[in-house]
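Asks: So here's input.cif (mmCIF, N, CA and C atoms).
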data_entry
loop_
_atom_site.label_atom_id
_atom_site.label_comp_id
_atom_site.auth_asym_id
_atom_site.auth_seq_id
_atom_site.Cartn_x
_atom_site.Cartn_y
_atom_site.Cartn_z
N MET A 130 -52.23 -45.28 46.91
CA MET A 130 -52.93 -44.79 48.07
C MET A 130 -52.03 -44.98 49.29
N THR A 131 -52.02 -43.98 50.17
CA THR A 131 -51.19 -44.04 51.37
C THR A 131 -52.03 -43.83 52.63
N VAL A 132 -51.45 -44.18 53.75
CA VAL A 132 -52.12 -43.96 55.03
C VAL A 132 -52.22 -42.46 55.26
N GLU A 133 -53.44 -42.00 55.54
CA GLU A 133 -53.64 -40.59 55.85
C GLU A 133 -54.78 -40.43 56.84
N LYS A 134 -54.80 -39.28 57.51
CA LYS A 134 -55.82 -39.02 58.52
C LYS A 134 -57.21 -39.12 57.92
N GLY A 135 -58.10 -39.77 58.67
CA GLY A 135 -59.49 -39.89 58.28
C GLY A 135 -59.81 -41.04 57.35
N LYS A 136 -58.79 -41.79 56.89
CA LYS A 136 -59.00 -42.90 55.95
C LYS A 136 -58.75 -44.23 56.67
N PRO A 137 -59.75 -45.12 56.73
CA PRO A 137 -59.60 -46.40 57.43
C PRO A 137 -58.38 -47.19 56.94
N CYS A 138 -57.75 -47.85 57.89
CA CYS A 138 -56.52 -48.60 57.64
C CYS A 138 -56.57 -49.91 58.41
N SER A 139 -56.06 -50.99 57.82
CA SER A 139 -55.96 -52.29 58.50
C SER A 139 -54.49 -52.68 58.56
N ILE A 140 -54.07 -53.14 59.73
CA ILE A 140 -52.68 -53.55 59.92
C ILE A 140 -52.60 -54.87 60.67
N GLU A 141 -51.44 -55.51 60.51
CA GLU A 141 -51.09 -56.60 61.41
C GLU A 141 -49.83 -56.13 62.15
N PHE A 142 -49.67 -56.63 63.36
CA PHE A 142 -48.56 -56.16 64.18
C PHE A 142 -48.08 -57.25 65.12
N THR A 143 -46.84 -57.09 65.54
CA THR A 143 -46.28 -57.89 66.62
C THR A 143 -45.57 -56.91 67.55
N VAL A 144 -45.75 -57.10 68.85
CA VAL A 144 -45.14 -56.23 69.86
C VAL A 144 -44.12 -57.03 70.65
N TYR A 145 -42.94 -56.42 70.83
CA TYR A 145 -41.85 -57.05 71.57
C TYR A 145 -41.41 -56.14 72.72
N THR A 146 -40.96 -56.74 73.80
CA THR A 146 -40.35 -55.97 74.87
C THR A 146 -38.90 -55.70 74.48
N GLU A 147 -38.23 -54.92 75.31
CA GLU A 147 -36.85 -54.52 75.03
C GLU A 147 -35.91 -55.71 74.88
N ASP A 148 -36.19 -56.80 75.59
CA ASP A 148 -35.31 -57.98 75.50
C ASP A 148 -35.69 -58.91 74.35
N GLY A 149 -36.66 -58.50 73.52
CA GLY A 149 -37.04 -59.29 72.35
C GLY A 149 -38.17 -60.28 72.58
N THR A 150 -38.75 -60.28 73.77
CA THR A 150 -39.86 -61.19 74.07
C THR A 150 -41.12 -60.70 73.36
N GLU A 151 -41.75 -61.60 72.59
CA GLU A 151 -43.01 -61.25 71.92
C GLU A 151 -44.12 -61.26 72.97
N ILE A 152 -44.87 -60.15 73.04
CA ILE A 152 -45.93 -60.07 74.04
C ILE A 152 -47.32 -59.96 73.44
N ASP A 153 -47.41 -59.66 72.15
CA ASP A 153 -48.72 -59.60 71.50
C ASP A 153 -48.52 -59.64 70.00
N SER A 154 -49.49 -60.22 69.31
CA SER A 154 -49.44 -60.27 67.85
C SER A 154 -50.83 -60.60 67.32
N ASN A 155 -51.15 -60.00 66.18
CA ASN A 155 -52.38 -60.39 65.48
C ASN A 155 -52.05 -60.95 64.10
N VAL A 156 -50.79 -61.27 63.85
CA VAL A 156 -50.38 -61.81 62.56
C VAL A 156 -51.10 -63.14 62.33
N GLY A 157 -51.75 -63.23 61.17
CA GLY A 157 -52.51 -64.43 60.83
C GLY A 157 -53.87 -64.49 61.51
N LYS A 158 -54.23 -63.42 62.19
CA LYS A 158 -55.52 -63.34 62.88
C LYS A 158 -56.30 -62.16 62.30
N VAL A 159 -57.27 -61.68 63.04
CA VAL A 159 -58.08 -60.55 62.58
C VAL A 159 -57.21 -59.29 62.58
N PRO A 160 -57.15 -58.57 61.46
CA PRO A 160 -56.36 -57.34 61.40
C PRO A 160 -56.91 -56.27 62.35
N LEU A 161 -56.03 -55.39 62.79
CA LEU A 161 -56.45 -54.24 63.58
C LEU A 161 -56.88 -53.16 62.60
N GLU A 162 -58.11 -52.69 62.76
CA GLU A 162 -58.64 -51.63 61.90
C GLU A 162 -58.74 -50.35 62.73
N PHE A 163 -58.29 -49.26 62.15
CA PHE A 163 -58.37 -47.97 62.84
C PHE A 163 -58.45 -46.86 61.81
N ILE A 164 -58.80 -45.67 62.29
CA ILE A 164 -58.85 -44.49 61.43
C ILE A 164 -57.82 -43.49 61.96
N PRO A 165 -56.76 -43.25 61.20
CA PRO A 165 -55.75 -42.29 61.65
C PRO A 165 -56.38 -40.94 61.97
N GLY A 166 -55.89 -40.33 63.04
CA GLY A 166 -56.39 -39.03 63.46
C GLY A 166 -57.50 -39.11 64.49
N GLN A 167 -57.90 -40.32 64.87
CA GLN A 167 -58.99 -40.45 65.84
C GLN A 167 -58.53 -41.06 67.17
N ASN A 168 -57.23 -40.99 67.44
CA ASN A 168 -56.66 -41.46 68.72
C ASN A 168 -57.04 -42.89 69.06
N GLN A 169 -57.03 -43.75 68.06
CA GLN A 169 -57.39 -45.16 68.27
C GLN A 169 -56.17 -46.04 68.51
N ILE A 170 -54.99 -45.55 68.15
CA ILE A 170 -53.74 -46.27 68.42
C ILE A 170 -52.76 -45.28 69.03
N LEU A 171 -51.64 -45.77 69.51
CA LEU A 171 -50.63 -44.90 70.11
C LEU A 171 -50.18 -43.85 69.10
N PRO A 172 -50.07 -42.59 69.52
CA PRO A 172 -49.73 -41.50 68.59
C PRO A 172 -48.46 -41.74 67.77
N ARG A 173 -47.39 -42.24 68.39
CA ARG A 173 -46.14 -42.45 67.64
C ARG A 173 -46.29 -43.52 66.57
N LEU A 174 -47.15 -44.51 66.81
CA LEU A 174 -47.40 -45.53 65.79
C LEU A 174 -48.10 -44.88 64.60
N GLU A 175 -49.09 -44.07 64.90
CA GLU A 175 -49.82 -43.39 63.84
C GLU A 175 -48.89 -42.52 62.99
N ILE A 176 -48.04 -41.76 63.65
CA ILE A 176 -47.09 -40.89 62.94
C ILE A 176 -46.20 -41.72 62.02
N ALA A 177 -45.75 -42.88 62.50
CA ALA A 177 -44.86 -43.74 61.70
C ALA A 177 -45.57 -44.32 60.48
N LEU A 178 -46.89 -44.46 60.56
CA LEU A 178 -47.64 -45.09 59.46
C LEU A 178 -48.11 -44.09 58.40
N ILE A 179 -48.26 -42.83 58.76
CA ILE A 179 -48.73 -41.83 57.80
C ILE A 179 -47.80 -41.80 56.59
N GLY A 180 -48.40 -41.86 55.41
CA GLY A 180 -47.65 -41.82 54.16
C GLY A 180 -47.21 -43.17 53.64
N LYS A 181 -47.40 -44.22 54.41
CA LYS A 181 -47.02 -45.57 53.97
C LYS A 181 -48.11 -46.18 53.10
N GLU A 182 -47.75 -47.22 52.33
CA GLU A 182 -48.66 -47.88 51.39
C GLU A 182 -48.94 -49.31 51.82
N VAL A 183 -49.97 -49.91 51.21
CA VAL A 183 -50.28 -51.31 51.46
C VAL A 183 -49.04 -52.15 51.17
N GLY A 184 -48.72 -53.06 52.08
CA GLY A 184 -47.55 -53.92 51.94
C GLY A 184 -46.32 -53.39 52.64
N ASP A 185 -46.30 -52.09 52.94
CA ASP A 185 -45.15 -51.53 53.65
C ASP A 185 -45.06 -52.12 55.05
N GLU A 186 -43.83 -52.32 55.51
CA GLU A 186 -43.58 -52.80 56.86
C GLU A 186 -42.79 -51.75 57.62
N VAL A 187 -43.19 -51.52 58.86
CA VAL A 187 -42.59 -50.46 59.67
C VAL A 187 -42.20 -51.04 61.02
N SER A 188 -41.03 -50.65 61.50
CA SER A 188 -40.59 -51.02 62.84
C SER A 188 -40.53 -49.73 63.66
N VAL A 189 -41.20 -49.73 64.81
CA VAL A 189 -41.26 -48.54 65.65
C VAL A 189 -40.86 -48.91 67.08
N GLU A 190 -39.85 -48.22 67.61
CA GLU A 190 -39.44 -48.43 69.00
C GLU A 190 -39.99 -47.28 69.83
N LEU A 191 -40.62 -47.65 70.96
CA LEU A 191 -41.24 -46.65 71.82
C LEU A 191 -40.67 -46.71 73.23
N ALA A 192 -40.30 -45.55 73.74
CA ALA A 192 -39.94 -45.43 75.15
C ALA A 192 -41.24 -45.49 75.96
N PRO A 193 -41.17 -45.78 77.24
CA PRO A 193 -42.39 -45.85 78.05
C PRO A 193 -43.28 -44.61 77.92
N GLU A 194 -42.66 -43.44 77.86
CA GLU A 194 -43.43 -42.19 77.76
C GLU A 194 -44.22 -42.10 76.46
N GLU A 195 -43.78 -42.81 75.42
CA GLU A 195 -44.47 -42.79 74.13
C GLU A 195 -45.47 -43.93 74.00
N ALA A 196 -45.43 -44.85 74.96
CA ALA A 196 -46.30 -46.02 74.89
C ALA A 196 -47.36 -45.92 75.99
N TYR A 197 -47.15 -46.62 77.09
CA TYR A 197 -48.15 -46.67 78.16
C TYR A 197 -47.71 -45.94 79.42
N GLY A 198 -46.70 -45.10 79.28
CA GLY A 198 -46.25 -44.27 80.38
C GLY A 198 -45.30 -44.98 81.32
N PRO A 199 -44.65 -44.19 82.18
CA PRO A 199 -43.79 -44.78 83.20
C PRO A 199 -44.66 -45.41 84.29
N VAL A 200 -44.05 -46.21 85.12
CA VAL A 200 -44.77 -46.77 86.27
C VAL A 200 -45.08 -45.61 87.22
N ASP A 201 -46.35 -45.47 87.57
CA ASP A 201 -46.81 -44.42 88.48
C ASP A 201 -46.85 -45.01 89.89
N GLN A 202 -45.98 -44.52 90.75
CA GLN A 202 -45.92 -45.05 92.12
C GLN A 202 -47.19 -44.75 92.92
N ASN A 203 -47.99 -43.80 92.44
CA ASN A 203 -49.27 -43.50 93.10
C ASN A 203 -50.38 -44.43 92.65
N ALA A 204 -50.08 -45.33 91.73
CA ALA A 204 -51.10 -46.25 91.20
C ALA A 204 -51.03 -47.62 91.86
N PHE A 205 -50.61 -47.63 93.11
CA PHE A 205 -50.61 -48.86 93.90
C PHE A 205 -51.63 -48.67 95.02
N GLU A 206 -52.40 -49.69 95.28
CA GLU A 206 -53.44 -49.60 96.30
C GLU A 206 -53.33 -50.80 97.24
N VAL A 207 -53.47 -50.53 98.52
CA VAL A 207 -53.42 -51.58 99.53
C VAL A 207 -54.84 -51.96 99.93
N ILE A 208 -55.12 -53.26 99.90
CA ILE A 208 -56.44 -53.76 100.30
C ILE A 208 -56.25 -54.91 101.30
N PRO A 209 -57.27 -55.21 102.08
CA PRO A 209 -57.17 -56.37 102.98
C PRO A 209 -57.08 -57.66 102.17
N THR A 210 -56.16 -58.52 102.51
CA THR A 210 -55.96 -59.78 101.78
C THR A 210 -57.22 -60.63 101.75
N HIS A 211 -57.99 -60.62 102.82
CA HIS A 211 -59.19 -61.46 102.87
C HIS A 211 -60.26 -61.05 101.85
N THR A 212 -60.11 -59.86 101.23
CA THR A 212 -61.09 -59.43 100.22
C THR A 212 -60.77 -59.94 98.82
N LEU A 213 -59.59 -60.53 98.64
CA LEU A 213 -59.24 -61.09 97.32
C LEU A 213 -60.11 -62.30 97.02
N PRO A 214 -60.59 -62.40 95.78
CA PRO A 214 -61.37 -63.59 95.41
C PRO A 214 -60.51 -64.86 95.46
N GLU A 215 -61.15 -65.97 95.68
CA GLU A 215 -60.49 -67.28 95.67
C GLU A 215 -59.74 -67.45 94.35
N GLY A 216 -58.52 -67.95 94.41
CA GLY A 216 -57.73 -68.20 93.21
C GLY A 216 -56.89 -67.02 92.76
N PHE A 217 -57.03 -65.87 93.42
CA PHE A 217 -56.27 -64.68 93.04
C PHE A 217 -55.30 -64.25 94.13
N GLN A 218 -55.06 -65.12 95.08
CA GLN A 218 -54.22 -64.77 96.22
C GLN A 218 -52.76 -65.17 95.99
N GLN A 219 -52.21 -64.66 94.87
CA GLN A 219 -50.80 -64.91 94.55
C GLN A 219 -50.25 -63.72 93.77
N VAL A 220 -48.97 -63.45 93.96
CA VAL A 220 -48.31 -62.35 93.25
C VAL A 220 -48.40 -62.63 91.75
N GLY A 221 -48.76 -61.59 91.00
CA GLY A 221 -48.89 -61.71 89.55
C GLY A 221 -50.30 -61.96 89.07
N ALA A 222 -51.19 -62.35 89.97
CA ALA A 222 -52.59 -62.60 89.57
C ALA A 222 -53.20 -61.30 89.03
N ILE A 223 -54.02 -61.44 88.00
CA ILE A 223 -54.68 -60.29 87.38
C ILE A 223 -56.16 -60.31 87.76
N LEU A 224 -56.61 -59.20 88.30
CA LEU A 224 -58.02 -59.08 88.69
C LEU A 224 -58.71 -58.07 87.79
N GLY A 225 -59.96 -58.29 87.47
CA GLY A 225 -60.78 -57.31 86.79
C GLY A 225 -61.55 -56.54 87.84
N LEU A 226 -61.35 -55.22 87.90
CA LEU A 226 -62.00 -54.39 88.91
C LEU A 226 -62.91 -53.37 88.25
N GLN A 227 -63.95 -53.01 88.94
CA GLN A 227 -64.89 -52.01 88.44
C GLN A 227 -64.39 -50.63 88.84
N ASP A 228 -64.41 -49.70 87.90
CA ASP A 228 -64.00 -48.33 88.16
C ASP A 228 -64.98 -47.69 89.14
N LYS A 229 -64.45 -47.06 90.19
CA LYS A 229 -65.30 -46.42 91.20
C LYS A 229 -66.15 -45.30 90.62
N ASN A 230 -65.61 -44.60 89.61
CA ASN A 230 -66.30 -43.45 89.04
C ASN A 230 -67.14 -43.79 87.81
N LYS A 231 -66.85 -44.91 87.19
CA LYS A 231 -67.56 -45.31 85.97
C LYS A 231 -67.99 -46.76 86.13
N ALA A 232 -69.21 -46.96 86.56
CA ALA A 232 -69.71 -48.29 86.91
C ALA A 232 -69.64 -49.28 85.75
N ASP A 233 -69.66 -48.78 84.52
CA ASP A 233 -69.66 -49.68 83.36
C ASP A 233 -68.26 -49.99 82.84
N GLU A 234 -67.23 -49.50 83.51
CA GLU A 234 -65.86 -49.75 83.05
C GLU A 234 -65.13 -50.70 83.98
N ILE A 235 -64.47 -51.68 83.37
CA ILE A 235 -63.66 -52.64 84.11
C ILE A 235 -62.19 -52.40 83.75
N PHE A 236 -61.32 -52.45 84.73
CA PHE A 236 -59.89 -52.31 84.46
C PHE A 236 -59.14 -53.43 85.18
N GLN A 237 -57.90 -53.62 84.79
CA GLN A 237 -57.10 -54.69 85.37
C GLN A 237 -56.20 -54.17 86.48
N ALA A 238 -56.04 -54.99 87.49
CA ALA A 238 -55.07 -54.73 88.54
C ALA A 238 -54.26 -56.01 88.73
N ARG A 239 -52.98 -55.85 89.00
CA ARG A 239 -52.10 -57.00 89.21
C ARG A 239 -51.70 -57.06 90.68
N VAL A 240 -51.75 -58.25 91.26
CA VAL A 240 -51.29 -58.42 92.63
C VAL A 240 -49.77 -58.24 92.64
N HIS A 241 -49.32 -57.19 93.31
CA HIS A 241 -47.90 -56.84 93.34
C HIS A 241 -47.18 -57.47 94.53
N ALA A 242 -47.84 -57.48 95.68
CA ALA A 242 -47.27 -58.06 96.90
C ALA A 242 -48.42 -58.52 97.77
N ILE A 243 -48.15 -59.55 98.58
CA ILE A 243 -49.23 -60.10 99.40
C ILE A 243 -48.65 -60.66 100.70
N ASN A 244 -49.38 -60.44 101.79
CA ASN A 244 -49.07 -61.12 103.05
C ASN A 244 -50.40 -61.47 103.71
N ALA A 245 -50.36 -61.97 104.91
CA ALA A 245 -51.59 -62.46 105.56
C ALA A 245 -52.63 -61.37 105.73
N ASP A 246 -52.19 -60.14 105.96
CA ASP A 246 -53.14 -59.06 106.25
C ASP A 246 -53.44 -58.13 105.07
N GLU A 247 -52.39 -57.80 104.31
CA GLU A 247 -52.56 -56.79 103.25
C GLU A 247 -52.05 -57.29 101.91
N THR A 248 -52.69 -56.79 100.87
CA THR A 248 -52.28 -57.06 99.49
C THR A 248 -52.08 -55.73 98.79
N VAL A 249 -50.99 -55.61 98.05
CA VAL A 249 -50.72 -54.41 97.26
C VAL A 249 -51.10 -54.71 95.82
N LEU A 250 -52.02 -53.90 95.28
CA LEU A 250 -52.44 -54.02 93.88
C LEU A 250 -51.73 -52.96 93.06
N ASP A 251 -51.26 -53.35 91.89
CA ASP A 251 -50.65 -52.43 90.92
C ASP A 251 -51.71 -52.09 89.90
N LEU A 252 -52.13 -50.83 89.87
CA LEU A 252 -53.18 -50.38 88.96
C LEU A 252 -52.62 -49.78 87.67
N ASN A 253 -51.30 -49.80 87.51
CA ASN A 253 -50.70 -49.31 86.27
C ASN A 253 -51.10 -50.19 85.10
N HIS A 254 -51.04 -49.62 83.89
CA HIS A 254 -51.22 -50.43 82.69
C HIS A 254 -50.17 -51.54 82.74
N PRO A 255 -50.50 -52.76 82.31
CA PRO A 255 -49.53 -53.86 82.36
C PRO A 255 -48.22 -53.57 81.62
N LEU A 256 -48.26 -52.66 80.64
CA LEU A 256 -47.04 -52.35 79.88
C LEU A 256 -46.40 -51.03 80.31
N ALA A 257 -46.88 -50.44 81.40
CA ALA A 257 -46.27 -49.21 81.91
C ALA A 257 -44.81 -49.47 82.26
N GLY A 258 -43.96 -48.51 81.91
CA GLY A 258 -42.54 -48.63 82.23
C GLY A 258 -41.74 -49.47 81.26
N LYS A 259 -42.38 -49.99 80.23
CA LYS A 259 -41.69 -50.89 79.30
C LYS A 259 -41.33 -50.17 78.00
N HIS A 260 -40.11 -50.47 77.50
CA HIS A 260 -39.71 -50.07 76.16
C HIS A 260 -40.28 -51.13 75.23
N LEU A 261 -40.95 -50.71 74.16
CA LEU A 261 -41.61 -51.65 73.26
C LEU A 261 -41.15 -51.44 71.82
N ARG A 262 -41.17 -52.53 71.06
CA ARG A 262 -40.92 -52.45 69.62
C ARG A 262 -42.13 -53.05 68.91
N PHE A 263 -42.69 -52.28 67.99
CA PHE A 263 -43.82 -52.73 67.18
C PHE A 263 -43.34 -53.00 65.77
N GLU A 264 -43.63 -54.18 65.26
CA GLU A 264 -43.38 -54.53 63.86
C GLU A 264 -44.76 -54.53 63.20
N ILE A 265 -44.96 -53.64 62.24
CA ILE A 265 -46.29 -53.42 61.66
C ILE A 265 -46.25 -53.59 60.15
N LYS A 266 -47.28 -54.22 59.61
CA LYS A 266 -47.44 -54.34 58.15
C LYS A 266 -48.81 -53.78 57.79
N ILE A 267 -48.83 -52.91 56.79
CA ILE A 267 -50.10 -52.33 56.33
C ILE A 267 -50.76 -53.31 55.37
N LEU A 268 -51.98 -53.70 55.71
CA LEU A 268 -52.71 -54.71 54.93
C LEU A 268 -53.73 -54.13 53.97
N ASN A 269 -54.40 -53.06 54.39
CA ASN A 269 -55.49 -52.53 53.57
C ASN A 269 -55.71 -51.06 53.89
N LEU A 270 -56.07 -50.31 52.87
CA LEU A 270 -56.43 -48.90 53.02
C LEU A 270 -57.76 -48.67 52.32
N GLN A 271 -58.59 -47.81 52.88
CA GLN A 271 -59.88 -47.48 52.27
C GLN A 271 -59.99 -45.97 52.09
N ASN A 272 -60.82 -45.59 51.13
CA ASN A 272 -61.08 -44.16 50.91
C ASN A 272 -62.15 -43.65 51.83
#
Is it possible to express this structure as structure tokens?
Replies:
Amino acid sequence: MTVEKGKPCSIEFTVYTEDGTEIDSNVGKVPLEFIPGQNQILPRLEIALIGKEVGDEVSVELAPEEAYGPVDQNAFEVIPTHTLPEGFQQVGAILGLQDKNKADEIFQARVHAINADETVLDLNHPLAGKHLRFEIKILNLQN
């Protein structure tokens, strides 16, 4: 049996940045379950897995455009510094913000720059602009 569209698949993975820093992994934890063809994982990862069997290991390198996109310079927002919650008034702090158009959706923003009057928030995906390497092992396939 091989990975194919419409058939549930379970994988374990580790993600590395271009310099080899591990940034995420589910190895030894709960496997990631997805159904190929339903846009549940990055398209290039799905393409690399199609046709593989249980136990196969795949290494996939993604440019930013194939992963979470380039950094969008229009995705920075300036807010008054006094509106930042206590404990988040430092560069690099991650805030959970409510989407203006979708009240039930929360997204992350990172404090990019801060001074006494204004704070610049980076609304890009945290991995935008990054070259990534995924090491993936296929654990289970279902009919």
Asks: If we count all atoms listed in the file, what is near Asn244 (chain A) at a cut-off of 8 Å, once residues fewer than 3 positions away on the same chain are taken out, given as a ChimeraX atom specification?
Replies: /A:209-211,247-249
Asks: Would you please work out which residue, of A:Asn230, A:Glu141, A:Phe236, A:Leu191, is nearest to Lys158 (chain A) when using all atoms listed in the file?
Replies: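 Checking each candidate against Lys158 (chain A), we get A:Glu141 as the closest.
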Asks: Need the axis-aligned box for region 190-198 of chain A with 3 Å each side, so what are the centre and edges in Å to one decimal, as lines of an AutoDock Vina configuration file?
Replies:
center_x = -43.8
center_y = -45.3
center_z = 74.5
size_x = 14.7
size_y = 12.3
size_z = 19.7
Asks: Hey, which of A:Glu147, A:Val220, A:Pro193, A:Lys231 ends up closest to Ala257 (chain A)? Count all atoms listed in the file.
Replies: A:Pro193
Asks: Show me, as a ChimeraX atom specification, the residues that have an atom within 6 Å of Glu186 (chain A) when counting only N, CA and C atoms, minus same-chain residues fewer than 2 positions from it.
Replies: /A:184,188,265-267
Asks: What is the distance, in Å and to one decimal place, between CA of Pro160 (chain A) and atom C of Phe142 (chain A)?
Replies: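 If I compute the distance from CA of Pro160 (chain A) to atom C of Phe142 (chain A), I get 9.1 Å.
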Asks: For the structure shown, which residues end up in the PyMOL selection byres ((chain A and resi 181) around 6)? Put them as a short mmCIF file (atom, residue, chain, number, x, y, z; two decimals) with N, CA and C atoms, in the frame of the given file, please?
Replies:
data_model
loop_
_atom_site.label_atom_id
_atom_site.label_comp_id
_atom_site.auth_asym_id
_atom_site.auth_seq_id
_atom_site.Cartn_x
_atom_site.Cartn_y
_atom_site.Cartn_z
N MET A 130 -52.23 -45.28 46.91
CA MET A 130 -52.93 -44.79 48.07
C MET A 130 -52.03 -44.98 49.29
N THR A 131 -52.02 -43.98 50.17
CA THR A 131 -51.19 -44.04 51.37
C THR A 131 -52.03 -43.83 52.63
N VAL A 132 -51.45 -44.18 53.75
CA VAL A 132 -52.12 -43.96 55.03
C VAL A 132 -52.22 -42.46 55.26
N LEU A 178 -46.89 -44.46 60.56
CA LEU A 178 -47.64 -45.09 59.46
C LEU A 178 -48.11 -44.09 58.40
N ILE A 179 -48.26 -42.83 58.76
CA ILE A 179 -48.73 -41.83 57.80
C ILE A 179 -47.80 -41.80 56.59
N GLY A 180 -48.40 -41.86 55.41
CA GLY A 180 -47.65 -41.82 54.16
C GLY A 180 -47.21 -43.17 53.64
N GLU A 182 -47.75 -47.22 52.33
CA GLU A 182 -48.66 -47.88 51.39
C GLU A 182 -48.94 -49.31 51.82
N VAL A 183 -49.97 -49.91 51.21
CA VAL A 183 -50.28 -51.31 51.46
C VAL A 183 -49.04 -52.15 51.17
#
Asks: Once DSSP has gone over the backbone, tell me which residues of region 220-263 of chain A are in strand (DSSP E), as a ChimeraX atom specification.
Replies: /A:223-227,235-243,247-251,261-263
Asks: The PyMOL selection byres ((chain A and resi 204) around 7) on the file shown: which residues, as a ChimeraX atom specification?
Replies: /A:200-203,205-206,250-253
Asks: Please save N, CA and C atoms of the selected residues as an mmCIF file, in the coordinates of the input.
Replies:
data_model
loop_
_atom_site.group_PDB
_atom_site.id
_atom_site.type_symbol
_atom_site.label_atom_id
_atom_site.label_comp_id
_atom_site.auth_asym_id
_atom_site.auth_seq_id
_atom_site.Cartn_x
_atom_site.Cartn_y
_atom_site.Cartn_z
ATOM 1 N N VAL A 200 -44.050 -46.210 85.120
ATOM 2 C CA VAL A 200 -44.770 -46.770 86.270
ATOM 3 C C VAL A 200 -45.080 -45.610 87.220
ATOM 4 N N ASP A 201 -46.350 -45.470 87.570
ATOM 5 C CA ASP A 201 -46.810 -44.420 88.480
ATOM 6 C C ASP A 201 -46.850 -45.010 89.890
ATOM 7 N N GLN A 202 -45.980 -44.520 90.750
ATOM 8 C CA GLN A 202 -45.920 -45.050 92.120
ATOM 9 C C GLN A 202 -47.190 -44.750 92.920
ATOM 10 N N ASN A 203 -47.990 -43.800 92.440
ATOM 11 C CA ASN A 203 -49.270 -43.500 93.100
ATOM 12 C C ASN A 203 -50.380 -44.430 92.650
ATOM 13 N N PHE A 205 -50.610 -47.630 93.110
ATOM 14 C CA PHE A 205 -50.610 -48.860 93.900
ATOM 15 C C PHE A 205 -51.630 -48.670 95.020
ATOM 16 N N GLU A 206 -52.400 -49.690 95.280
ATOM 17 C CA GLU A 206 -53.440 -49.600 96.300
ATOM 18 C C GLU A 206 -53.330 -50.800 97.240
ATOM 19 N N LEU A 250 -52.020 -53.900 95.280
ATOM 20 C CA LEU A 250 -52.440 -54.020 93.880
ATOM 21 C C LEU A 250 -51.730 -52.960 93.060
ATOM 22 N N ASP A 251 -51.260 -53.350 91.890
ATOM 23 C CA ASP A 251 -50.650 -52.430 90.920
ATOM 24 C C ASP A 251 -51.710 -52.090 89.900
ATOM 25 N N LEU A 252 -52.130 -50.830 89.870
ATOM 26 C CA LEU A 252 -53.180 -50.380 88.960
ATOM 27 C C LEU A 252 -52.620 -49.780 87.670
ATOM 28 N N ASN A 253 -51.300 -49.800 87.510
ATOM 29 C CA ASN A 253 -50.700 -49.310 86.270
ATOM 30 C C ASN A 253 -51.100 -50.190 85.100
#
Asks: When distances are computed from all atoms listed in the file, which of A:Glu151, A:Asp185, A:Glu133, A:Asp246 shows the smallest separation from Leu268 (chain A)?
Replies: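 Comparing A:Glu151, A:Asp185, A:Glu133, A:Asp246 against Leu268 (chain A), the winner is A:Asp185.
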Asks: Could you check how far atom C of Asp148 (chain A) sits from atom C of Leu261 (chain A), in Å to one decimal?
Replies: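 Value for the atom C of Asp148 (chain A)-atom C of Leu261 (chain A) distance: 9.6 Å.
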Asks: Write out as an MDAnalysis selection string all residues of region 138-270 of chain A that DSSP puts in alpha helix (DSSP H) for this structure's backbone.
Replies: chainID A and resid 172:178
Asks: For CA of Val189 (chain A) and CA of Phe263 (chain A), determine how far apart the two atoms are, in Å to one decimal place.
Replies: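 Rounded to one decimal, the two atoms are 5.1 Å apart.
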Asks: Under the rule that only C-alpha atoms are counted, which of A:Val207, A:Glu264, A:Gln271, A:Pro214 is the nearest residue to Gly149 (chain A)?
Replies: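 Closest residue, counting only C-alpha atoms: A:Glu264.
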